[in-house]
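S.K.: Please find data_1.tsv (TSV, C-alpha atoms) on the next line:
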```
chain	number	residue	atom	x	y	z
A	171	MET	CA	18.49	-0.54	-7.77
A	172	SER	CA	18.44	-3.57	-5.49
A	173	SER	CA	17.31	-1.40	-2.56
A	174	VAL	CA	14.44	-0.03	-4.65
A	175	VAL	CA	13.31	-3.56	-5.49
A	176	LEU	CA	13.64	-4.56	-1.84
A	177	TYR	CA	11.51	-1.65	-0.66
A	178	ALA	CA	8.95	-2.36	-3.39
A	179	VAL	CA	8.69	-5.99	-2.28
A	180	LEU	CA	8.40	-4.83	1.33
A	181	ALA	CA	5.61	-2.44	0.39
A	182	LEU	CA	3.70	-5.08	-1.56
A	183	GLY	CA	4.08	-7.68	1.17
A	184	SER	CA	3.06	-5.24	3.88
A	185	THR	CA	0.04	-4.17	1.84
A	186	ALA	CA	-1.07	-7.79	1.56
A	187	VAL	CA	-0.68	-8.31	5.31
A	188	VAL	CA	-2.62	-5.10	6.04
A	189	TRP	CA	-5.41	-6.33	3.77
A	190	VAL	CA	-5.56	-9.71	5.51
A	191	GLY	CA	-5.38	-8.16	8.98
A	192	SER	CA	-8.03	-5.54	8.19
A	193	ASP	CA	-10.39	-8.16	6.79
A	194	LEU	CA	-9.90	-10.29	9.90
A	195	LEU	CA	-10.36	-7.27	12.16
A	196	GLU	CA	-13.62	-6.22	10.52
A	197	SER	CA	-15.08	-9.74	10.48
A	198	THR	CA	-14.27	-10.40	14.14
A	199	SER	CA	-15.49	-6.94	15.17
A	200	GLU	CA	-18.80	-7.50	13.42
A	201	SER	CA	-19.16	-10.94	15.00
A	202	LEU	CA	-18.57	-9.48	18.46
A	203	ALA	CA	-21.01	-6.65	17.76
A	204	VAL	CA	-23.69	-9.16	16.79
A	205	HIS	CA	-22.89	-11.29	19.83
A	206	TYR	CA	-23.39	-8.35	22.20
A	207	GLY	CA	-26.56	-7.21	20.41
A	208	LEU	CA	-25.42	-3.79	19.20
A	209	PRO	CA	-27.79	-1.96	16.83
A	210	PRO	CA	-26.80	-1.80	13.13
A	211	VAL	CA	-26.00	1.93	13.19
A	212	VAL	CA	-23.55	1.40	16.05
A	213	GLN	CA	-22.04	-1.61	14.31
A	214	GLY	CA	-21.36	0.52	11.25
A	215	ALA	CA	-20.49	3.87	12.81
A	216	VAL	CA	-18.30	2.59	15.65
A	217	ILE	CA	-17.28	-1.06	15.30
A	218	ALA	CA	-16.78	-1.24	11.54
A	219	ALA	CA	-15.40	2.30	11.44
A	220	ILE	CA	-12.73	1.62	14.05
A	221	GLY	CA	-11.86	-1.67	12.40
A	222	SER	CA	-11.45	-0.16	8.95
A	223	SER	CA	-9.59	2.89	10.30
A	224	PHE	CA	-7.09	1.03	12.47
A	225	PRO	CA	-4.42	0.93	9.69
A	226	GLU	CA	-4.57	4.74	9.48
A	227	LEU	CA	-4.36	4.98	13.28
A	228	ALA	CA	-1.32	2.72	13.30
A	229	THR	CA	0.24	4.77	10.49
A	230	VAL	CA	-0.09	8.04	12.38
A	231	VAL	CA	1.13	6.67	15.71
A	232	LEU	CA	4.12	4.82	14.25
A	233	SER	CA	5.03	7.73	11.97
A	234	ALA	CA	5.01	10.21	14.84
A	235	VAL	CA	6.47	8.05	17.62
A	236	ARG	CA	9.03	5.91	15.80
A	237	HIS	CA	9.92	7.98	12.74
A	238	ASP	CA	9.12	11.58	13.76
A	239	THR	CA	7.17	12.17	10.53
A	240	PHE	CA	3.70	13.33	11.53
A	241	ASP	CA	2.96	14.67	8.04
A	242	LEU	CA	3.12	11.18	6.54
A	243	GLY	CA	0.46	9.88	8.92
A	244	VAL	CA	-1.82	12.90	8.52
A	245	GLY	CA	-1.50	12.65	4.75
A	246	ALA	CA	-2.61	9.03	4.89
A	247	ILE	CA	-5.63	9.95	7.02
A	248	VAL	CA	-6.73	12.87	4.85
A	249	GLY	CA	-6.28	10.93	1.62
A	250	SER	CA	-8.18	7.96	2.98
A	251	ALA	CA	-10.99	10.14	4.35
A	252	VAL	CA	-11.45	11.99	1.06
A	253	PHE	CA	-11.57	8.70	-0.84
A	254	ASN	CA	-13.98	7.10	1.65
A	255	VAL	CA	-16.38	10.05	1.72
A	256	LEU	CA	-16.46	10.88	-1.99
A	257	VAL	CA	-15.66	7.76	-3.99
A	258	ILE	CA	-17.10	4.84	-2.01
A	259	PRO	CA	-20.68	6.21	-1.59
A	260	ALA	CA	-20.69	7.39	-5.21
A	261	LEU	CA	-19.58	4.01	-6.59
A	262	SER	CA	-22.06	2.25	-4.31
A	263	ALA	CA	-24.90	4.41	-5.62
A	264	ILE	CA	-23.79	3.85	-9.22
A	265	GLY	CA	-23.44	0.09	-8.85
A	266	ALA	CA	-26.51	-0.60	-6.71
A	267	PRO	CA	-30.03	-0.49	-8.17
A	268	ARG	CA	-31.19	1.47	-5.11
A	269	LEU	CA	-29.34	3.10	-2.23
A	270	ASP	CA	-31.32	4.43	0.73
A	271	ALA	CA	-30.11	6.56	3.65
A	272	ASP	CA	-32.19	6.74	6.82
A	273	ARG	CA	-32.53	9.70	9.17
A	274	ASP	CA	-29.67	8.55	11.41
A	275	VAL	CA	-27.24	8.72	8.51
A	276	VAL	CA	-28.47	12.11	7.30
A	277	TYR	CA	-29.12	13.95	10.56
A	278	LYS	CA	-26.57	12.36	12.89
A	279	GLU	CA	-23.68	10.64	11.10
A	280	ALA	CA	-23.25	13.11	8.23
A	281	GLN	CA	-23.63	16.19	10.40
A	282	PHE	CA	-21.25	14.85	13.03
A	283	TYR	CA	-18.73	14.14	10.28
A	284	MET	CA	-18.91	17.75	9.10
A	285	LEU	CA	-18.52	18.92	12.70
A	286	SER	CA	-15.46	16.68	13.08
A	287	VAL	CA	-13.81	18.14	9.98
A	288	ALA	CA	-14.51	21.67	11.24
A	289	VAL	CA	-13.01	20.88	14.66
A	290	LEU	CA	-9.91	19.36	13.08
A	291	LEU	CA	-9.49	22.45	10.91
A	292	LEU	CA	-9.78	24.65	14.00
A	293	VAL	CA	-7.19	22.57	15.86
A	294	PHE	CA	-4.68	22.90	13.01
A	295	SER	CA	-5.50	26.61	12.64
A	296	PHE	CA	-4.94	27.29	16.34
A	297	GLY	CA	-1.68	25.38	16.06
A	298	VAL	CA	-0.55	27.69	13.27
A	299	ILE	CA	-1.71	30.84	15.05
A	300	TYR	CA	-0.55	30.12	18.60
A	301	GLY	CA	2.20	27.57	18.06
A	302	PRO	CA	4.12	28.38	14.89
A	303	THR	CA	7.37	26.53	14.38
A	304	ALA	CA	10.28	28.88	15.04
A	305	GLY	CA	12.80	29.38	12.27
A	306	SER	CA	10.72	27.67	9.59
A	307	GLY	CA	10.12	29.36	6.28
A	308	ASP	CA	6.97	27.33	5.68
A	309	LEU	CA	3.66	27.81	7.45
A	310	THR	CA	3.97	25.04	10.03
A	311	ALA	CA	2.53	24.53	13.47
A	312	THR	CA	3.02	22.66	16.71
A	313	ILE	CA	-0.01	20.63	17.80
A	314	THR	CA	0.14	20.74	21.58
A	315	ARG	CA	-1.44	18.15	23.87
A	316	PRO	CA	-4.29	20.48	24.96
A	317	LEU	CA	-5.18	21.01	21.31
A	318	ALA	CA	-4.99	17.28	20.64
A	319	VAL	CA	-7.41	16.59	23.49
A	320	VAL	CA	-10.19	18.57	21.76
A	321	PRO	CA	-10.93	16.11	18.90
A	322	VAL	CA	-10.57	13.19	21.31
A	323	CYS	CA	-13.23	14.71	23.56
A	324	LEU	CA	-15.45	15.24	20.52
A	325	TYR	CA	-15.12	11.58	19.64
A	326	GLY	CA	-15.99	10.75	23.24
A	327	LEU	CA	-19.21	12.72	22.75
A	328	TYR	CA	-19.88	10.73	19.59
A	329	LEU	CA	-19.41	7.45	21.46
A	330	PHE	CA	-21.78	8.69	24.17
A	331	ILE	CA	-24.44	9.42	21.56
A	332	GLN	CA	-24.00	5.94	20.13
A	333	TYR	CA	-24.23	4.53	23.65
A	334	GLN	CA	-27.56	6.28	24.12
A	335	ASP	CA	-28.80	4.56	20.95
A	336	THR	CA	-27.58	1.24	22.30
A	337	ARG	CA	-29.49	1.71	25.56
A	338	ASP	CA	-32.73	2.27	23.66
A	339	HIS	CA	-32.10	-0.71	21.38
A	340	ASP	CA	-33.54	-4.07	22.37
A	341	ALA	CA	-31.92	-6.77	20.26
A	342	PRO	CA	-31.25	-10.42	21.05
A	343	THR	CA	-27.65	-11.35	21.63
A	344	GLY	CA	-26.16	-14.29	19.81
A	345	GLY	CA	-23.85	-14.91	16.91
A	346	ASP	CA	-20.65	-16.88	17.26
A	347	GLY	CA	-20.72	-18.69	20.59
A	348	ASN	CA	-16.93	-18.88	20.88
A	349	VAL	CA	-16.38	-15.33	22.10
A	350	VAL	CA	-12.87	-16.02	23.43
A	351	ARG	CA	-11.77	-17.18	19.99
A	352	GLN	CA	-13.20	-14.02	18.40
A	353	TRP	CA	-11.32	-11.81	20.87
A	354	ALA	CA	-8.11	-13.76	20.19
A	355	LEU	CA	-8.55	-13.31	16.44
A	356	LEU	CA	-9.20	-9.61	17.02
A	357	ALA	CA	-5.91	-9.27	18.92
A	358	LEU	CA	-4.09	-11.19	16.17
A	359	ALA	CA	-5.53	-8.86	13.54
A	360	LEU	CA	-4.31	-5.80	15.46
A	361	VAL	CA	-0.79	-7.23	15.69
A	362	LEU	CA	-0.73	-8.07	11.97
A	363	ILE	CA	-1.83	-4.57	11.03
A	364	VAL	CA	0.72	-2.83	13.27
A	365	VAL	CA	3.60	-4.94	11.94
A	366	ALA	CA	2.51	-4.47	8.33
A	367	VAL	CA	2.04	-0.71	8.72
A	368	GLU	CA	5.57	-0.46	10.11
A	369	GLY	CA	6.76	-2.22	6.97
A	370	LEU	CA	4.84	0.23	4.77
A	371	ILE	CA	6.34	3.22	6.60
A	372	GLU	CA	9.83	1.79	6.24
A	373	ALA	CA	9.23	1.28	2.51
A	374	ALA	CA	7.86	4.82	2.09
A	375	LEU	CA	10.74	6.45	3.96
A	376	GLY	CA	13.37	4.23	2.40
```
Turn this file's structure into structure tokens for me.
M.R.:
Amino acid sequence: MSSVVLYAVLALGSTAVVWVGSDLLESTSESLAVHYGLPPVVQGAVIAAIGSSFPELATVVLSAVRHDTFDLGVGAIVGSAVFNVLVIPALSAIGAPRLDADRDVVYKEAQFYMLSVAVLLLVFSFGVIYGPTAGSGDLTATITRPLAVVPVCLYGLYLFIQYQDTRDHDAPTGGDGNVVRQWALLALALVLIVVAVEGLIEAALG
């Protein structure tokens, strides 16, 4: 019983640290994006997205590298993605008097998201077809490095598209003048999130 309480306290404490670190990461990322004059769509689709998704990234990497439990990390990503895509926009539309979506969101961001889901499904499917786990009664697969490179390259294409938007965008730079302090806070936020995610994984596996 004492171990259960200990793991529960560890999970709650780690959750609080992840929340603090994520909030710090997003605020510093947005400040840096404003300082370097990035357009709003890039701030949201790249800077804010990476900042808000870093806990999931840390979960997958730590689960696979330190604990050899890739399923735990993938489950966290899928669950978070489903919640973010379905619940958050719906609650925003319900709570706000008016919610508008411009052409970039409809024709670029949403379509690229659907393409990303399709590519991920293909990667997992090819893993099952061409790399099934030997001696396993379940339908499991081995995701090889060449397969893993495919979604990374797709994200590289997405970053290139955002870069093209940034080149065509003429915005004044400014924001917080202490850029070094913002970068230091960004690094601190990353460390806090990684340490807290490790605590969450330990609590989940314990």
S.K.: Interatomic distance between atom CA of A:Leu194 and atom CA of A:Asn254?
M.R.: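 Computed distance, atom CA of A:Leu194 to atom CA of A:Asn254, equals 19.7 Å.
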S.K.: Fewer than 4 positions away in the same chain doesn't count, so skip those; otherwise give me all residues within 7 Å of A:Leu180, counting all atoms listed in the file, as a ChimeraX atom specification.
M.R.: /A:176,184,369,373
S.K.: Can you work out the spacing between atom CA of A:Glu226 and atom CA of A:Ile247 in Å, to one decimal?
M.R.: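 Interatomic distance, atom CA of A:Glu226 to atom CA of A:Ile247: 5.9 Å.
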S.K.: Residues near A:Thr229, anyone? I mean within 12 Å using only C-alpha atoms, not counting same-chain ones fewer than 4 positions away, as an mmCIF file with C-alpha atoms, in the frame of the given file.
M.R.:
```cif
data_model
loop_
_atom_site.group_PDB
_atom_site.id
_atom_site.type_symbol
_atom_site.label_atom_id
_atom_site.label_comp_id
_atom_site.auth_asym_id
_atom_site.auth_seq_id
_atom_site.Cartn_x
_atom_site.Cartn_y
_atom_site.Cartn_z
ATOM 1 C CA VAL A 188 -2.620 -5.100 6.040
ATOM 2 C CA SER A 223 -9.590 2.890 10.300
ATOM 3 C CA PHE A 224 -7.090 1.030 12.470
ATOM 4 C CA PRO A 225 -4.420 0.930 9.690
ATOM 5 C CA SER A 233 5.030 7.730 11.970
ATOM 6 C CA ALA A 234 5.010 10.210 14.840
ATOM 7 C CA VAL A 235 6.470 8.050 17.620
ATOM 8 C CA ARG A 236 9.030 5.910 15.800
ATOM 9 C CA HIS A 237 9.920 7.980 12.740
ATOM 10 C CA ASP A 238 9.120 11.580 13.760
ATOM 11 C CA THR A 239 7.170 12.170 10.530
ATOM 12 C CA PHE A 240 3.700 13.330 11.530
ATOM 13 C CA ASP A 241 2.960 14.670 8.040
ATOM 14 C CA LEU A 242 3.120 11.180 6.540
ATOM 15 C CA GLY A 243 0.460 9.880 8.920
ATOM 16 C CA VAL A 244 -1.820 12.900 8.520
ATOM 17 C CA GLY A 245 -1.500 12.650 4.750
ATOM 18 C CA ALA A 246 -2.610 9.030 4.890
ATOM 19 C CA ILE A 247 -5.630 9.950 7.020
ATOM 20 C CA SER A 250 -8.180 7.960 2.980
ATOM 21 C CA ILE A 363 -1.830 -4.570 11.030
ATOM 22 C CA VAL A 364 0.720 -2.830 13.270
ATOM 23 C CA VAL A 365 3.600 -4.940 11.940
ATOM 24 C CA ALA A 366 2.510 -4.470 8.330
ATOM 25 C CA VAL A 367 2.040 -0.710 8.720
ATOM 26 C CA GLU A 368 5.570 -0.460 10.110
ATOM 27 C CA GLY A 369 6.760 -2.220 6.970
ATOM 28 C CA LEU A 370 4.840 0.230 4.770
ATOM 29 C CA ILE A 371 6.340 3.220 6.600
ATOM 30 C CA GLU A 372 9.830 1.790 6.240
ATOM 31 C CA ALA A 374 7.860 4.820 2.090
#
```
S.K.: Skipping near chain neighbours, those fewer than 2 positions away, what residues fall within 12 Å of A:Tyr283 using only C-alpha atoms, listed as an NGL selection string?
M.R.: :A and (215 or 251-252 or 255 or 275-281 or 285-290 or 321 or 324-325 or 328)
S.K.: To one decimal place in Å, what is the distance between atom CA of A:Arg351 and atom CA of A:Ser201?
M.R.: 10.9 Å
S.K.: Just want the 12 Å neighbourhood of A:Arg315, counted on all atoms listed in the file, with same-chain residues fewer than 5 positions away dropped. Output as a VMD selection string.
M.R.: chain A and resid 293 297 301 320 to 322
S.K.: Select, from A:Leu291, A:Val187, A:Ile299, A:Ala271, the residue with the minimum atom-to-atom distance to A:Val248, counting all atoms listed in the file.
M.R.: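 Selected residue with least distance to A:Val248: A:Leu291.
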S.K.: From the options A:Tyr206, A:Trp189, A:Tyr300, A:Tyr177, which residue's atoms come nearest to A:Val349, counting only C-alpha atoms?
M.R.: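 Among the listed residues, the smallest separation from A:Val349 belongs to A:Tyr206.
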S.K.: Which residue gives the smallest distance to A:Leu202 among A:Leu269, A:Gly249, A:Gly221, A:Tyr333, with all atoms listed in the file counted?
M.R.: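 Under the stated criterion, the closest residue is A:Gly221.
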S.K.: Do you know which residues lie at most 12 Å from (-18.4, 0.4, 12.8), with coordinates as in the file and all atoms listed in the file counted, and could you write them as a count of residues only?
M.R.: 30
S.K.: Measuring atom to atom with all atoms listed in the file, identify which of A:Val175, A:Ala266, A:Val298, A:Leu232 is nearest to A:Thr312.
M.R.: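 The closest residue to A:Thr312 is A:Val298.
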